[in-house]
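Peer 1: Handing over protein_25.cif, mmCIF, C-alpha atoms and all ligand atoms.
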```cif
data_protein
loop_
_atom_site.label_atom_id
_atom_site.label_comp_id
_atom_site.auth_asym_id
_atom_site.auth_seq_id
_atom_site.Cartn_x
_atom_site.Cartn_y
_atom_site.Cartn_z
CA MET A 30 0.00 0.00 0.00
CA LYS A 31 1.28 3.47 -0.89
CA ILE A 32 0.16 7.01 -0.13
CA ALA A 33 -1.67 8.29 -3.21
CA ASN A 34 -2.69 11.78 -2.17
CA ILE A 35 -3.11 14.13 0.81
CA LYS A 36 -5.96 16.66 0.86
CA THR A 37 -7.05 19.31 3.34
CA ALA A 38 -10.21 21.11 4.40
CA ALA A 39 -10.81 23.58 7.22
CA THR A 40 -13.76 24.51 9.41
CA THR A 41 -14.42 27.31 11.85
CA GLY A 42 -14.65 26.55 15.55
CA HIS A 43 -11.93 27.31 18.07
CA GLY A 44 -9.98 29.29 15.49
CA MET A 45 -9.48 26.89 12.59
CA HIS A 46 -9.91 23.11 12.58
CA LEU A 47 -7.71 21.79 9.79
CA TRP A 48 -8.68 18.40 8.37
CA VAL A 49 -6.14 16.17 6.66
CA LYS A 50 -7.22 13.26 4.49
CA VAL A 51 -4.58 10.73 3.43
CA GLU A 52 -5.60 8.53 0.49
CA THR A 53 -3.89 5.32 -0.58
CA ASP A 54 -3.72 3.25 -3.76
CA ALA A 55 -5.59 0.51 -1.84
CA GLY A 56 -8.63 2.73 -1.39
CA ILE A 57 -8.19 3.06 2.40
CA THR A 58 -8.17 6.63 3.72
CA GLY A 59 -7.31 8.16 7.05
CA ILE A 60 -8.58 11.42 8.54
CA GLY A 61 -6.63 13.67 10.88
CA GLU A 62 -7.31 16.99 12.56
CA CYS A 63 -4.88 19.66 13.70
CA VAL A 64 -5.50 23.00 15.41
CA HIS A 65 -3.82 26.39 15.72
CA GLY A 66 -1.62 25.86 12.65
CA GLY A 67 -3.33 28.69 10.77
CA VAL A 68 -3.67 28.97 7.00
CA GLN A 69 0.10 28.51 6.73
CA ALA A 70 -0.32 24.88 7.87
CA ILE A 71 -2.50 24.26 4.80
CA ALA A 72 0.27 25.53 2.51
CA ILE A 73 2.86 23.44 4.38
CA ILE A 74 0.82 20.23 4.00
CA ASP A 75 0.35 21.00 0.32
CA TYR A 76 4.13 21.30 0.00
CA LEU A 77 4.97 18.23 2.15
CA LYS A 78 2.54 15.90 0.39
CA GLU A 79 4.83 15.71 -2.64
CA ARG A 80 7.40 14.07 -0.35
CA LEU A 81 4.89 11.51 0.92
CA ILE A 82 3.09 10.42 -2.24
CA GLY A 83 4.32 6.92 -3.09
CA ALA A 84 5.58 6.27 0.47
CA ASP A 85 4.56 3.50 2.90
CA PRO A 86 1.73 4.94 5.07
CA PHE A 87 2.65 2.63 7.99
CA ALA A 88 6.11 4.24 8.64
CA ILE A 89 4.48 7.01 10.68
CA ASP A 90 7.24 7.97 13.13
CA ALA A 91 9.87 7.80 10.37
CA HIS A 92 7.88 10.13 8.11
CA PHE A 93 7.26 12.57 10.95
CA GLU A 94 10.87 12.69 12.10
CA GLY A 95 12.30 12.58 8.58
CA LEU A 96 10.23 15.54 7.41
CA ARG A 97 10.86 17.43 10.66
CA ARG A 98 14.62 17.00 10.52
CA GLY A 99 14.59 17.68 6.79
CA HIS A 100 12.99 21.05 7.47
CA VAL A 101 14.70 22.00 10.71
CA PHE A 102 15.94 25.19 9.07
CA ASP A 103 12.37 26.01 7.99
CA GLY A 104 10.71 25.85 11.40
CA GLY A 105 11.08 22.19 12.31
CA MET A 106 11.33 23.01 16.03
CA SER A 107 7.86 24.46 16.70
CA GLY A 108 4.89 26.23 15.18
CA ALA A 109 2.93 25.67 11.98
CA LEU A 110 5.33 23.16 10.43
CA ILE A 111 4.97 20.88 13.45
CA THR A 112 1.20 21.35 13.52
CA ALA A 113 1.00 20.51 9.79
CA LEU A 114 3.03 17.33 10.41
CA THR A 115 0.72 16.58 13.35
CA GLY A 116 -2.36 16.66 11.11
CA ILE A 117 -0.69 14.22 8.71
CA GLU A 118 0.49 12.04 11.60
CA ILE A 119 -2.99 11.66 13.08
CA ALA A 120 -4.46 10.83 9.64
CA LEU A 121 -1.78 8.16 9.16
CA TRP A 122 -2.66 6.57 12.54
CA ASP A 123 -6.34 6.51 11.57
CA LEU A 124 -5.39 4.94 8.25
CA LYS A 125 -3.11 2.34 9.81
CA GLY A 126 -5.75 1.37 12.37
CA LYS A 127 -8.35 0.94 9.64
CA ALA A 128 -5.97 -1.06 7.43
CA LEU A 129 -5.08 -3.42 10.30
CA LYS A 130 -8.65 -3.32 11.70
CA VAL A 131 -7.57 -2.25 15.20
CA PRO A 132 -8.10 0.88 17.32
CA ILE A 133 -5.09 3.22 17.45
CA TYR A 134 -4.51 2.51 21.15
CA GLU A 135 -3.65 -1.08 20.26
CA LEU A 136 -0.91 0.21 17.94
CA LEU A 137 0.47 2.51 20.66
CA GLY A 138 1.07 -0.24 23.19
CA GLY A 139 -2.42 -1.00 24.48
CA LYS A 140 -4.67 0.51 27.13
CA PHE A 141 -4.02 1.45 30.74
CA ARG A 142 -7.71 2.39 31.02
CA ASP A 143 -11.00 2.00 29.14
CA ARG A 144 -12.40 5.45 29.86
CA ILE A 145 -10.82 8.86 29.64
CA ARG A 146 -11.83 11.50 32.17
CA VAL A 147 -12.80 14.85 30.65
CA TYR A 148 -13.16 18.33 32.14
CA ALA A 149 -15.23 21.13 30.67
CA ASP A 150 -13.79 24.52 29.93
CA CYS A 151 -16.70 26.75 30.92
CA GLU A 152 -17.72 30.36 30.61
CA VAL A 153 -17.14 31.58 34.12
CA ASN A 154 -15.56 34.97 33.70
CA PRO A 155 -14.60 38.01 35.76
CA GLY A 156 -17.67 40.17 36.30
CA MET A 157 -20.08 37.30 37.07
CA ASP A 158 -21.91 37.16 40.37
CA PHE A 159 -22.52 33.99 42.40
CA GLY A 160 -25.94 33.37 40.84
CA GLN A 161 -24.55 33.51 37.31
CA ILE A 162 -21.63 31.27 38.23
CA THR A 163 -23.93 28.73 39.88
CA GLN A 164 -26.05 28.58 36.73
CA VAL A 165 -23.01 27.79 34.54
CA VAL A 166 -21.59 25.28 37.01
CA ASP A 167 -24.94 23.50 37.43
CA GLY A 168 -25.14 23.11 33.64
CA VAL A 169 -21.69 21.51 33.55
CA LEU A 170 -22.42 19.17 36.46
CA GLU A 171 -25.77 18.13 34.97
CA ARG A 172 -23.85 16.82 31.95
CA GLY A 173 -21.87 14.56 34.29
CA PHE A 174 -18.50 16.33 34.33
CA THR A 175 -16.48 15.88 37.51
CA ALA A 176 -14.16 18.78 36.78
CA PHE A 177 -14.22 22.14 35.00
CA LYS A 178 -12.00 25.11 34.31
CA ILE A 179 -12.61 28.83 34.64
CA ASP A 180 -10.84 31.93 33.32
CA VAL A 181 -10.01 34.42 36.04
CA ASP A 182 -7.99 36.90 33.98
CA GLY A 183 -9.51 39.31 31.47
CA GLY A 184 -12.24 41.86 32.02
CA SER A 185 -11.45 45.45 32.85
CA ALA A 186 -8.21 46.09 34.74
CA LYS A 187 -7.41 49.12 36.82
CA ASN A 188 -4.06 50.92 36.69
CA LYS A 189 -2.74 48.67 33.96
CA ASP A 190 -1.98 48.76 30.23
CA ALA A 191 -2.18 45.89 27.75
CA PHE A 192 1.43 44.78 28.33
CA ASN A 193 1.66 45.05 32.11
CA LYS A 194 1.48 41.75 34.02
CA THR A 195 1.45 43.06 37.60
CA ALA A 196 -1.91 42.33 39.25
CA SER A 197 -3.28 45.22 41.28
CA GLU A 198 -4.82 44.68 44.71
CA TRP A 199 -8.22 44.98 43.08
CA GLU A 200 -7.47 42.42 40.35
CA HIS A 201 -5.94 39.96 42.79
CA ASP A 202 -9.01 40.12 45.01
CA ARG A 203 -11.29 39.68 42.00
CA MET A 204 -9.40 36.53 40.88
CA VAL A 205 -9.52 34.98 44.36
CA ARG A 206 -13.21 35.85 44.78
CA LEU A 207 -14.06 34.27 41.44
CA VAL A 208 -12.33 31.01 42.40
CA GLU A 209 -14.02 31.05 45.80
CA MET A 210 -17.46 31.41 44.18
CA ALA A 211 -16.78 28.67 41.58
CA HIS A 212 -15.47 26.35 44.31
CA ARG A 213 -18.56 27.04 46.45
CA ALA A 214 -20.93 26.50 43.50
CA ALA A 215 -19.18 23.22 42.58
CA GLY A 216 -18.90 21.60 46.01
CA GLU A 217 -15.97 19.70 47.51
CA GLU A 218 -16.03 16.71 45.14
CA ILE A 219 -15.65 18.69 41.91
CA ALA A 220 -12.20 19.72 40.67
CA VAL A 221 -11.81 23.33 39.56
CA GLY A 222 -9.03 24.42 37.21
CA VAL A 223 -8.02 28.09 37.05
CA ASP A 224 -6.52 29.66 33.92
CA VAL A 225 -4.76 33.03 33.78
CA HIS A 226 -3.42 32.64 30.20
CA THR A 227 0.20 33.74 30.93
CA ASN A 228 -1.04 37.10 32.20
CA LEU A 229 0.84 37.53 35.50
CA ASP A 230 4.37 38.34 36.55
CA VAL A 231 6.13 36.14 39.11
CA PRO A 232 5.20 38.03 42.35
CA SER A 233 1.55 38.35 41.26
CA ALA A 234 1.44 34.65 40.34
CA VAL A 235 3.09 33.57 43.60
CA ARG A 236 0.59 35.60 45.61
CA LEU A 237 -2.34 34.12 43.67
CA ALA A 238 -1.02 30.55 43.99
CA ARG A 239 -0.67 30.98 47.76
CA ASP A 240 -4.12 32.51 48.21
CA LEU A 241 -5.69 29.67 46.18
CA GLU A 242 -4.21 26.97 48.43
CA GLN A 243 -7.34 27.00 50.63
CA PHE A 244 -9.55 25.92 47.65
CA HIS A 245 -7.45 22.89 46.62
CA VAL A 246 -7.86 23.75 42.92
CA MET A 247 -7.12 21.14 40.25
CA TRP A 248 -4.40 23.49 38.97
CA LEU A 249 -3.42 27.07 38.26
CA GLU A 250 -2.71 27.22 34.52
CA GLU A 251 0.02 29.24 32.79
CA PRO A 252 0.37 31.73 35.65
CA VAL A 253 3.35 33.34 33.90
CA PRO A 254 4.44 33.25 30.22
CA PRO A 255 5.40 29.73 29.13
CA GLU A 256 8.81 30.38 27.60
CA ASN A 257 10.78 30.98 30.81
CA TYR A 258 10.89 27.69 32.73
CA ASP A 259 12.87 29.17 35.63
CA ALA A 260 10.17 31.78 36.24
CA MET A 261 7.51 29.04 36.08
CA ARG A 262 9.50 27.01 38.62
CA GLU A 263 9.63 30.01 41.00
CA VAL A 264 5.85 30.01 41.00
CA LYS A 265 5.62 26.24 41.26
CA ARG A 266 7.86 26.10 44.32
CA SER A 267 6.08 28.93 46.11
CA SER A 268 2.92 27.11 47.20
CA SER A 269 1.05 23.82 47.31
CA THR A 270 -1.28 24.93 44.47
CA PRO A 271 -0.47 22.68 41.50
CA ILE A 272 0.90 24.57 38.48
CA CYS A 273 0.07 23.40 34.96
CA SER A 274 1.61 24.56 31.67
CA GLY A 275 2.49 23.38 28.17
CA GLU A 276 -0.31 24.25 25.73
CA ASN A 277 2.08 26.55 23.85
CA LEU A 278 5.05 24.18 23.64
CA TYR A 279 5.94 21.73 20.87
CA LEU A 280 7.64 18.34 20.68
CA ARG A 281 9.69 16.48 23.31
CA HIS A 282 12.35 19.13 22.80
CA GLY A 283 9.97 21.87 23.93
CA PHE A 284 8.99 19.93 27.06
CA ARG A 285 12.40 18.56 28.04
CA ASP A 286 13.60 21.48 30.18
CA LEU A 287 10.15 22.09 31.66
CA ILE A 288 10.04 18.47 32.83
CA GLU A 289 13.68 18.00 33.82
CA LYS A 290 13.69 21.23 35.84
CA GLN A 291 10.42 20.07 37.41
CA ALA A 292 9.11 23.56 36.72
CA VAL A 293 5.46 22.44 36.76
CA ASP A 294 3.32 19.93 38.63
CA ILE A 295 1.23 18.95 35.57
CA ILE A 296 1.91 19.18 31.81
CA MET A 297 -0.75 20.00 29.24
CA PRO A 298 0.45 19.42 25.66
CA ASP A 299 -2.13 20.14 22.95
CA ILE A 300 -1.91 16.81 21.12
CA PRO A 301 -3.40 17.85 17.72
CA LYS A 302 -1.07 20.86 17.69
CA CYS A 303 2.30 20.05 19.21
CA GLY A 304 3.41 16.78 17.59
CA GLY A 305 0.58 14.25 17.48
CA LEU A 306 -0.23 10.91 19.07
CA SER A 307 3.19 9.24 19.05
CA GLU A 308 5.18 12.34 20.05
CA CYS A 309 2.81 13.13 22.92
CA ARG A 310 3.02 9.58 24.18
CA LYS A 311 6.78 10.09 24.36
CA ILE A 312 6.33 13.45 26.12
CA ALA A 313 4.04 11.76 28.65
CA ASN A 314 6.59 8.98 29.19
CA LEU A 315 9.30 11.58 29.84
CA ALA A 316 7.04 13.36 32.35
CA GLU A 317 6.25 10.08 34.05
CA LEU A 318 9.91 9.70 35.04
CA TYR A 319 9.29 12.70 37.33
CA TYR A 320 5.79 11.55 38.41
CA ILE A 321 4.30 14.52 36.51
CA PRO A 322 0.69 13.94 35.37
CA PHE A 323 -0.37 14.49 31.76
CA ALA A 324 -3.54 16.60 31.25
CA PRO A 325 -3.82 17.56 27.57
CA HIS A 326 -5.08 20.95 26.51
CA ASN A 327 -7.75 20.35 23.88
CA VAL A 328 -9.90 22.55 21.67
CA ALA A 329 -10.37 19.97 18.90
CA SER A 330 -13.58 18.58 17.42
CA PRO A 331 -14.74 15.04 18.41
CA ILE A 332 -12.25 13.61 15.90
CA GLY A 333 -9.13 15.35 17.29
CA THR A 334 -10.42 14.81 20.82
CA LEU A 335 -10.98 11.07 20.32
CA ALA A 336 -7.61 10.75 18.55
CA SER A 337 -6.01 12.37 21.62
CA ALA A 338 -7.92 9.97 23.87
CA HIS A 339 -6.11 7.04 22.23
CA THR A 340 -2.78 8.47 23.44
CA CYS A 341 -4.28 9.19 26.88
CA ALA A 342 -5.32 5.53 27.15
CA THR A 343 -1.78 4.28 26.53
CA ILE A 344 0.15 6.14 29.25
CA PRO A 345 0.14 5.51 32.99
CA ASN A 346 0.27 9.18 34.07
CA PHE A 347 -2.88 10.45 32.35
CA LEU A 348 -4.93 12.78 34.57
CA ILE A 349 -7.72 14.42 32.55
CA ILE A 350 -8.35 15.95 29.08
CA GLU A 351 -10.12 19.16 28.15
CA PHE A 352 -13.48 19.62 26.39
CA HIS A 353 -13.73 23.12 24.93
CA TRP A 354 -17.00 22.98 23.04
CA LEU A 355 -19.79 23.84 25.52
CA GLN A 356 -20.79 26.95 23.60
CA ARG A 357 -20.59 25.57 20.03
CA ASP A 358 -23.25 23.79 18.07
CA TYR A 359 -21.78 21.02 15.91
CA TRP A 360 -20.06 18.76 18.45
CA THR A 361 -22.39 15.82 17.77
CA THR A 362 -23.37 16.58 14.18
CA ILE A 363 -19.90 16.88 12.59
CA ILE A 364 -19.31 13.13 12.95
CA GLN A 365 -21.22 10.50 11.03
CA GLU A 366 -22.01 8.62 14.25
CA LYS A 367 -24.18 11.58 15.47
CA GLU A 368 -23.45 10.86 19.11
CA ASP A 369 -21.71 12.62 21.96
CA ILE A 370 -18.35 10.86 22.39
CA ILE A 371 -18.41 12.10 26.03
CA LYS A 372 -20.86 10.37 28.32
CA ASP A 373 -21.14 11.38 31.99
CA GLY A 374 -17.82 13.17 31.85
CA TYR A 375 -15.83 10.33 30.27
CA ILE A 376 -14.84 9.19 26.77
CA HIS A 377 -15.39 5.43 26.60
CA LEU A 378 -12.98 3.96 24.08
CA SER A 379 -14.52 1.55 21.61
CA ASP A 380 -12.93 -1.26 19.61
CA ARG A 381 -13.70 0.43 16.30
CA PRO A 382 -10.62 0.62 14.03
CA GLY A 383 -8.54 3.77 13.68
CA ILE A 384 -9.77 6.82 15.58
CA GLY A 385 -13.25 5.32 15.69
CA VAL A 386 -15.44 8.12 14.30
CA GLU A 387 -15.77 9.63 10.83
CA LEU A 388 -16.08 13.23 9.69
CA ASP A 389 -19.47 14.12 8.18
CA GLU A 390 -18.17 16.18 5.28
CA GLU A 391 -21.59 17.59 4.39
CA VAL A 392 -21.99 19.05 7.88
CA GLY A 393 -18.36 20.14 8.03
CA ARG A 394 -18.71 22.02 4.79
CA GLN A 395 -21.43 24.19 6.32
CA TYR A 396 -18.69 25.53 8.60
CA GLN A 397 -15.98 25.80 5.93
CA TYR A 398 -13.29 28.28 6.92
CA PRO A 399 -13.44 31.36 4.67
CA GLY A 400 -10.82 31.41 1.93
CA THR A 401 -9.96 27.69 2.18
CA SER A 402 -10.64 24.86 -0.26
CA TRP A 403 -12.51 21.65 0.62
CA PHE A 404 -10.49 18.45 0.09
CA ALA A 405 -9.56 19.64 -3.43
MG MG B 501 -4.97 27.78 28.91
#
```
Have the structure of the file written as structure tokens, please.
Peer 2:
Amino acid sequence: MKIANIKTAATTGHGMHLWVKVETDAGITGIGECVHGGVQAIAIIDYLKERLIGADPFAIDAHFEGLRRGHVFDGGMSGALITALTGIEIALWDLKGKALKVPIYELLGGKFRDRIRVYADCEVNPGMDFGQITQVVDGVLERGFTAFKIDVDGGSAKNKDAFNKTASEWEHDRMVRLVEMAHRAAGEEIAVGVDVHTNLDVPSAVRLARDLEQFHVMWLEEPVPPENYDAMREVKRSSSTPICSGENLYLRHGFRDLIEKQAVDIIMPDIPKCGGLSECRKIANLAELYYIPFAPHNVASPIGTLASAHTCATIPNFLIIEFHWLQRDYWTTIIQEKEDIIKDGYIHLSDRPGIGVELDEEVGRQYQYPGTSWFA
């Protein structure tokens, strides 16, 4: 069997969802999804496909690493080139699973677990009162989630410009109050994650981490910008509040220092963005040497989410994966199966081959990203 063609399509959603279809001369196809690669990822895949047509679709890691090393001077360390390769990588896993009639997790070493715990990213924002927060939290809990995440940054800020990361007294109090209200609305059994999207400096983050200790949050996410691991470690070592980071890093190489310096308590690679199923399994294995849990960031559709779940099944240190689709309308309709892959807060892995669900192209096309072509 040889790769015959690679085609792309893109839909709107959390930014752009880029679909990659790998076709073979045997008539078997695989579908992959990647996110946050931008329109440049489409051009990169179009360029890379010429190097893959005629190749063995089963040599997935070799293709990924060969193309990455071959383009290391063109961005093969991080960014859109890696995300483009990730979309191809996931499609190749789907294809290989279908060709061998096994789920991807069987090809990655087999399962540690049958069900994958999911948390909901929800719209609790600065400015909400307790009644509004309770309404959002009740909606999340009614769907069976055992954990959710809130954004405590954003909103109006006093005495601050767009580039300043020092939290004022007023902002600090607002962040703590918001967590207190979410924690109270959720109850003791529900885990609450807190995201500040890189928006604090070290002293502001340390103060927040310490004042959140009383609420036993699931984690405080990206308290400071992700690129300085020493600064992140300062925050991590300052309190018992777990610190989580990694959604803006790529490859094992991007995670190596973060993990080896033990600069975070939890890592959160975005699997359909930062290197794909095989690379993220290796990142998780590296983290496991330091007993660091793996909690993937995820904004993908059901296809990218379920693909990520296959990796989550095959590592011991999986903690929880994100669901970022509460406010969007085609979560269940964009797949041919027309079902919610999350039931009572968990993804239950099936024994269907490949990823296990198929893109409904007719529905997808209704959300076609402006200016892109559709599997042309
Ligand atoms: Mg985040």
Peer 1: Between atom CA of Arg381 of chain A and atom CA of Lys130 of chain A, what distance in Å does the model show, to one decimal?
Peer 2: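 Interatomic distance, atom CA of Arg381 of chain A to atom CA of Lys130 of chain A: 7.8 Å.
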Peer 1: Listing only residues of segment 147-228 of chain A within 12 Å of segment 254-267 of chain A, what is the closest atom pair and its distance in Å (to one decimal) for each, using only C-alpha atoms, sorted by chain and residue number ascending, as CSV?
Peer 2:
```
residue,atom,partner,partner_atom,distance
A:Lys194,CA,A:Pro254,CA,9.8
A:Val225,CA,A:Pro254,CA,9.9
A:His226,CA,A:Pro254,CA,7.9
A:Thr227,CA,A:Pro254,CA,4.3
A:Asn228,CA,A:Pro254,CA,7.0
```
Peer 1: What does the list of residues within 8 Å of ligand MG 501 (chain B) look like if you count all atoms listed in the file, written as a PyMOL selection string?
Peer 2: chain A and resi 224-226+250-251+274+276+326
Peer 1: Which is closest to Phe174 of chain A among A:Tyr320, A:Tyr398, A:Tyr279, A:Tyr148, if we use all atoms listed in the file?
Peer 2: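 Among A:Tyr320, A:Tyr398, A:Tyr279, A:Tyr148, it is A:Tyr148 that comes nearest to Phe174 of chain A.
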Peer 1: Can you measure atom CA of Ile344 of chain A to atom CA of Ser330 of chain A for me? One decimal in Å is fine.
Peer 2: 22.0 Å
Peer 1: Rebuild segment 175-184 of chain A to all heavy atoms - output it as a compact mmCIF listing (two decimals), in the frame of the given file, please.
Peer 2:
```
# COMPACT_ATOMS: atom_id res chain seq x y z
N THR A 175 -16.96 15.88 36.13
CA THR A 175 -16.48 15.88 37.51
C THR A 175 -15.42 16.95 37.73
O THR A 175 -14.82 17.03 38.80
CB THR A 175 -15.88 14.51 37.87
OG1 THR A 175 -14.83 14.22 36.93
CG2 THR A 175 -16.93 13.42 37.84
N ALA A 176 -15.17 17.73 36.69
CA ALA A 176 -14.16 18.78 36.78
C ALA A 176 -14.46 19.84 35.72
O ALA A 176 -15.00 19.53 34.66
CB ALA A 176 -12.77 18.20 36.56
N PHE A 177 -14.08 21.08 36.00
CA PHE A 177 -14.22 22.14 35.00
C PHE A 177 -13.14 23.18 35.21
O PHE A 177 -12.43 23.16 36.22
CB PHE A 177 -15.63 22.76 35.04
CG PHE A 177 -15.99 23.46 36.32
CD1 PHE A 177 -15.65 24.80 36.53
CD2 PHE A 177 -16.67 22.78 37.32
CE1 PHE A 177 -15.99 25.44 37.72
CE2 PHE A 177 -17.01 23.43 38.51
CZ PHE A 177 -16.67 24.76 38.71
N LYS A 178 -13.04 24.07 34.23
CA LYS A 178 -12.00 25.11 34.31
C LYS A 178 -12.61 26.48 34.07
O LYS A 178 -13.52 26.61 33.26
CB LYS A 178 -10.93 24.83 33.25
CG LYS A 178 -9.71 25.75 33.33
CD LYS A 178 -8.55 25.18 32.51
CE LYS A 178 -8.67 25.49 31.05
NZ LYS A 178 -7.61 24.84 30.25
N ILE A 179 -12.11 27.46 34.80
CA ILE A 179 -12.61 28.83 34.64
C ILE A 179 -11.46 29.76 34.28
O ILE A 179 -10.29 29.48 34.56
CB ILE A 179 -13.30 29.33 35.93
CG1 ILE A 179 -12.31 29.40 37.10
CG2 ILE A 179 -14.48 28.42 36.29
CD1 ILE A 179 -12.89 30.10 38.33
N ASP A 180 -11.81 30.88 33.64
CA ASP A 180 -10.84 31.93 33.32
C ASP A 180 -10.98 33.03 34.35
O ASP A 180 -12.08 33.58 34.51
CB ASP A 180 -11.11 32.51 31.93
CG ASP A 180 -11.00 31.46 30.83
OD1 ASP A 180 -10.27 30.46 31.04
OD2 ASP A 180 -11.63 31.66 29.78
N VAL A 181 -9.90 33.37 35.03
CA VAL A 181 -10.01 34.42 36.04
C VAL A 181 -9.31 35.71 35.62
O VAL A 181 -9.41 36.72 36.30
CB VAL A 181 -9.48 33.97 37.43
CG1 VAL A 181 -10.30 32.79 37.95
CG2 VAL A 181 -8.01 33.64 37.40
N ASP A 182 -8.58 35.67 34.50
CA ASP A 182 -7.99 36.90 33.98
C ASP A 182 -9.01 37.56 33.05
O ASP A 182 -10.11 37.09 32.89
CB ASP A 182 -6.69 36.60 33.25
CG ASP A 182 -6.92 35.67 32.07
OD1 ASP A 182 -7.80 34.77 32.19
OD2 ASP A 182 -6.27 35.82 31.04
N GLY A 183 -8.61 38.63 32.40
CA GLY A 183 -9.51 39.31 31.47
C GLY A 183 -10.45 40.26 32.19
O GLY A 183 -10.33 40.46 33.40
N GLY A 184 -11.38 40.83 31.45
CA GLY A 184 -12.24 41.86 32.02
C GLY A 184 -11.47 43.16 32.17
O GLY A 184 -10.29 43.24 31.83
```
